[in-house]
Amino acid sequence: MTILSEDQLRQVIEDAVQRQPVTDMHTHLYSPNFGDILLWGVDELLTYHYLVAEVMRWSDIQTADFWKLSKQEQAELIWQKLFLEHSPISEACRGVLTSLQGLGADLSTRDLASYREAIDQASDNAAQVRRVLELANVDHVVMTNDPFDDKERPIWLNGTKPDANFHAALRIDPLLNDYANSKHRLREWGYDVSDEWDDRSAAEVTRFLTDWIERMDPVYMAVSLPPTFAFPEESDRGRIIRDCILPVSRKTGIPFAMMIGVKKRVHPELRDAGDYLAKASMEPLEHLLSTYPDNKFIVTMLSRENQHELAVLGRKFRNLLIFGCWWFLNNPIIINEMTRMRFELLGLSVVPQHSDARVLDQLIYKWKHSKELIAGILFDKYADVLRTGWPLDAAEIRRDVADLFRNNFWRFVGRENMVRYDDEPAPSAAL
Ligand code: HDL
Ligand code: ZN
């Protein structure tokens with residue numbers, strides 16, 4: 001269909017975006033067969049660490065006392081303070097409401113107990129996963145898989161493999177950001193690293209990486225990095241990236257994902273809610289991209305002030321895939337600014353969003369909110385093109401939308417078999 005009017009254009013874009021199944025390239029969710037480390041349900045939605053941070057502003061409860069409450073008591077305090085005593089207009093509060101609404105809750109009652117009964121009705125993980133992936137129109141989920149996580153490691157060591165809709169990402173923060181402690185654990189696991197960094201240490205850390213790549217089949221290796229991240233650097237992190245991560249990434253074709261700008265635990269008592277951010281130098285990225293042209297890098301940054309530099313860097317290096325409006329940027333005002341900046345500087349060669357969901361049900365709100373914003377921005381950009389007299393075609397718009405929400409990612413990580421357009425049969429995945 002050739003699009004001639006802006007009204008036709010708006011409808012075509014809205015339909016294409018809503019209908020497009022999403023590959024969510026960064027989440028903290030798990031395949032349903034990973035057991036209770038997959039979180040879902042009303043109390044998990046309400047005790048999301050974003051809301052823990054927000055409730056502390058309206059409550060004089062001591063953080064130590066908050067953590068002594070049960071999950072349900074924490075949820076009820078958050079509901080009382082952030083939803084009943086004050087209107088839930090923050091993005092994280094609105095998210096809870098959008099997810100509950102999507103799951104069929106009647107929000108006019110404001111009756112939390114009834115929501116718990118109605119929504120936590122799914123018999124098990126698999127049932128809730130099927131239900132939420134369908135409601136959110138997400139058909140592929142990339143997890144965050146940390147071999148140093150004591151709950152998760154045994155699941156992999158038992159030979160568990162994720163369902164077809166879930167994909168591993170090998171997360172190596174403890175290795176890169178805390179090697180002084182992690183090297184002792186590597187030794188416990190049979191990796192004979194030396195006290196000082198030497199060839200044997202490099203070989204053993206490389207073996208650790210290749211063992212976990214074999215076990216997980218990860219779509220990328222990932223790390224979150226502080227705003228002070230430097231490279232090259234004569235440090236544990238600098239040496240492991242130089243001697244292990246980059247060679248393994250190049251050899252296997254598995255990209256190295258860096259999430260840069262997080263200042264961990266500025267308020268430690270808040271736990272996951274206690275992290276902060278700062279602007280980072282772009283020089284490590286400039287060095288990596290230019291010095292390692294045969295390596296692929298996936299990057300998101302946490303500071304709003306880094307976004308323009310990152311988008312311009314994307315114009316210089318095609319071995320850089322830019323993704324998402326991460327964490328404190330995942331709010332309408334900033335999603336709007338970042339996404340317009342990226343489309344205007346990089347066209348459609350980005351992955352505009354990921355969910356970072358920690359609770360399964362959040363997929364419903366994270367993607368509803370983002371898709372509405374991205375569809376509006378796409379309309380403005382295509383309308384500008386239409387006004388030049390360039391005819392637009394509905395199938396081409398659907399192609400572009402499939403690239404943004406799915407295919408750009410799978411192509412960049414080298415999994416062409418996962419690339420799909422709306423008129424192609426679904427790959428082997430269950431949904
Ligand atoms: O390091 C990360 O992957 C971050 O996304 C953190 O998990 C953070 O706590 C988060 O959930 N942000 O949305
Ligand atoms: Zn995350």
# chains A, B, ... in the order shown; residues from 1 in each chain; ligands from 1

$ residues_around --residues "segment 346-349 of chain A" --least-positions-apart "2" --cutoff "12 Å" --atoms "only C-alpha atoms" --output "PyMOL selection string"
chain A and resi 308+310-323+338-344+351-352+374+378+381-382+397+399-409+411-412

$ residues_near_ligand --ligand "ligand 1" --cutoff "9 Å" --atoms "only C-alpha atoms and all ligand atoms" --output "count of residues only"
27

$ closest_residue --among "A:Ser90, A:Gln11, A:Gln362, A:Asn331" --to "Ala53 of chain A" --atoms "only C-alpha atoms"
A:Ser90

$ select_by_dssp --residues "segment 137-200 of chain A" --states "strand (DSSP E or B)" --output "JSON, numbers by chain"
{"A": [138, 139, 140, 141, 142, 145, 166, 167, 170, 171]}

$ select_by_dssp --residues "segment 5-179 of chain A" --states "alpha helix (DSSP H)" --output "NGL selection string"
:A and (6-19 or 42-46 or 49-55 or 63-68 or 71-79 or 91-102 or 112-119 or 125-136 or 153-157 or 173-177 or 179)

$ atom_distance --atom1 "atom CA of Ile155 of chain A" --atom2 "atom CA of His184 of chain A"
21.4 Å

$ closest_residue --among "A:Thr210, A:Leu9, A:Glu14, A:Ala113" --to "Leu373 of chain A" --atoms "only C-alpha atoms"
A:Glu14

$ residues_around --residues "segment 69-84 of chain A" --least-positions-apart "3" --cutoff "6 Å" --atoms "only C-alpha atoms" --output "compact mmCIF listing (two decimals) with N, CA, C and O atoms, in the first residue's frame"
# COMPACT_ATOMS: atom_id res chain seq x y z
N ASP A 43 3.06 -8.45 44.36
CA ASP A 43 4.01 -7.97 45.38
C ASP A 43 5.40 -7.74 44.80
O ASP A 43 6.12 -6.83 45.22
N LEU A 46 5.25 -4.42 43.00
CA LEU A 46 5.26 -3.25 43.90
C LEU A 46 6.57 -3.06 44.63
O LEU A 46 6.89 -1.95 45.07
N THR A 47 7.36 -4.10 44.78
CA THR A 47 8.63 -3.97 45.52
C THR A 47 9.83 -3.87 44.57
O THR A 47 10.96 -4.10 44.97
N VAL A 55 9.50 5.14 47.72
CA VAL A 55 8.73 5.11 48.97
C VAL A 55 9.53 5.71 50.12
O VAL A 55 8.96 6.30 51.05
N PHE A 66 12.70 -1.50 57.02
CA PHE A 66 11.97 -1.83 55.78
C PHE A 66 12.35 -3.23 55.32
O PHE A 66 11.50 -4.05 54.98
N SER A 87 -0.73 10.54 44.58
CA SER A 87 -1.12 9.95 43.29
C SER A 87 0.08 9.34 42.58
O SER A 87 1.17 9.91 42.57
N PRO A 88 -0.14 8.18 41.94
CA PRO A 88 0.96 7.39 41.34
C PRO A 88 1.37 7.92 39.97
O PRO A 88 1.25 7.20 38.97

$ closest_residue --among "A:Ala394, A:Asp163, A:Arg185, A:Gly253" --to "Gly414 of chain A" --atoms "only C-alpha atoms"
A:Gly253

$ atom_distance --atom1 "atom CA of Ile240 of chain A" --atom2 "atom CA of Trp197 of chain A"
9.0 Å

$ residues_around --residues "segment 126-129 of chain A" --least-positions-apart "6" --cutoff "9 Å" --atoms "only C-alpha atoms" --output "list of chain:residue names"
A:Ser31, A:Pro32, A:Asn33, A:Trp40, A:Asp120, A:Leu360, A:Asp361

$ residues_around --residues "Gln18 of chain A" --least-positions-apart "4" --cutoff "10 Å" --atoms "only C-alpha atoms" --output "list in words"
Ile13, Glu14, Val22, Ala136, Asn137, Trp367, Lys368, Lys371, Glu372, Ala375 and Val401 of chain A

$ write_last_selection --atoms "C-alpha atoms" --output "PDB file, in the first residue's frame"
ATOM      1  CA  ILE A  13       2.807   3.125  11.943  1.00  0.00           C
ATOM      2  CA  GLU A  14       0.624   2.515  14.987  1.00  0.00           C
ATOM      3  CA  VAL A  22       9.607  -7.700  20.316  1.00  0.00           C
ATOM      4  CA  ALA A 136       3.249  -7.779  26.003  1.00  0.00           C
ATOM      5  CA  ASN A 137       3.798  -9.080  22.437  1.00  0.00           C
ATOM      6  CA  TRP A 367       6.753  -2.170  26.134  1.00  0.00           C
ATOM      7  CA  LYS A 368       3.322  -0.462  26.067  1.00  0.00           C
ATOM      8  CA  LYS A 371       5.959   1.527  21.864  1.00  0.00           C
ATOM      9  CA  GLU A 372       3.508   4.441  22.236  1.00  0.00           C
ATOM     10  CA  ALA A 375       5.381   5.153  17.296  1.00  0.00           C
ATOM     11  CA  VAL A 401       9.727  -1.468  12.527  1.00  0.00           C
TER      12      VAL A 401
END

$ closest_residue --among "A:Arg57, A:His369, A:Lys68, A:Arg215" --to "His86 of chain A" --atoms "only C-alpha atoms"
A:Arg57

$ closest_residue --among "A:Val12, A:Ile119, A:Tyr191, A:Asp217" --to "Val132 of chain A" --atoms "only C-alpha atoms"
A:Ile119

$ residues_around --residues "Thr206 of chain A" --least-positions-apart "3" --cutoff "6 Å" --atoms "only C-alpha atoms" --output "ChimeraX atom specification"
/A:203,209,244
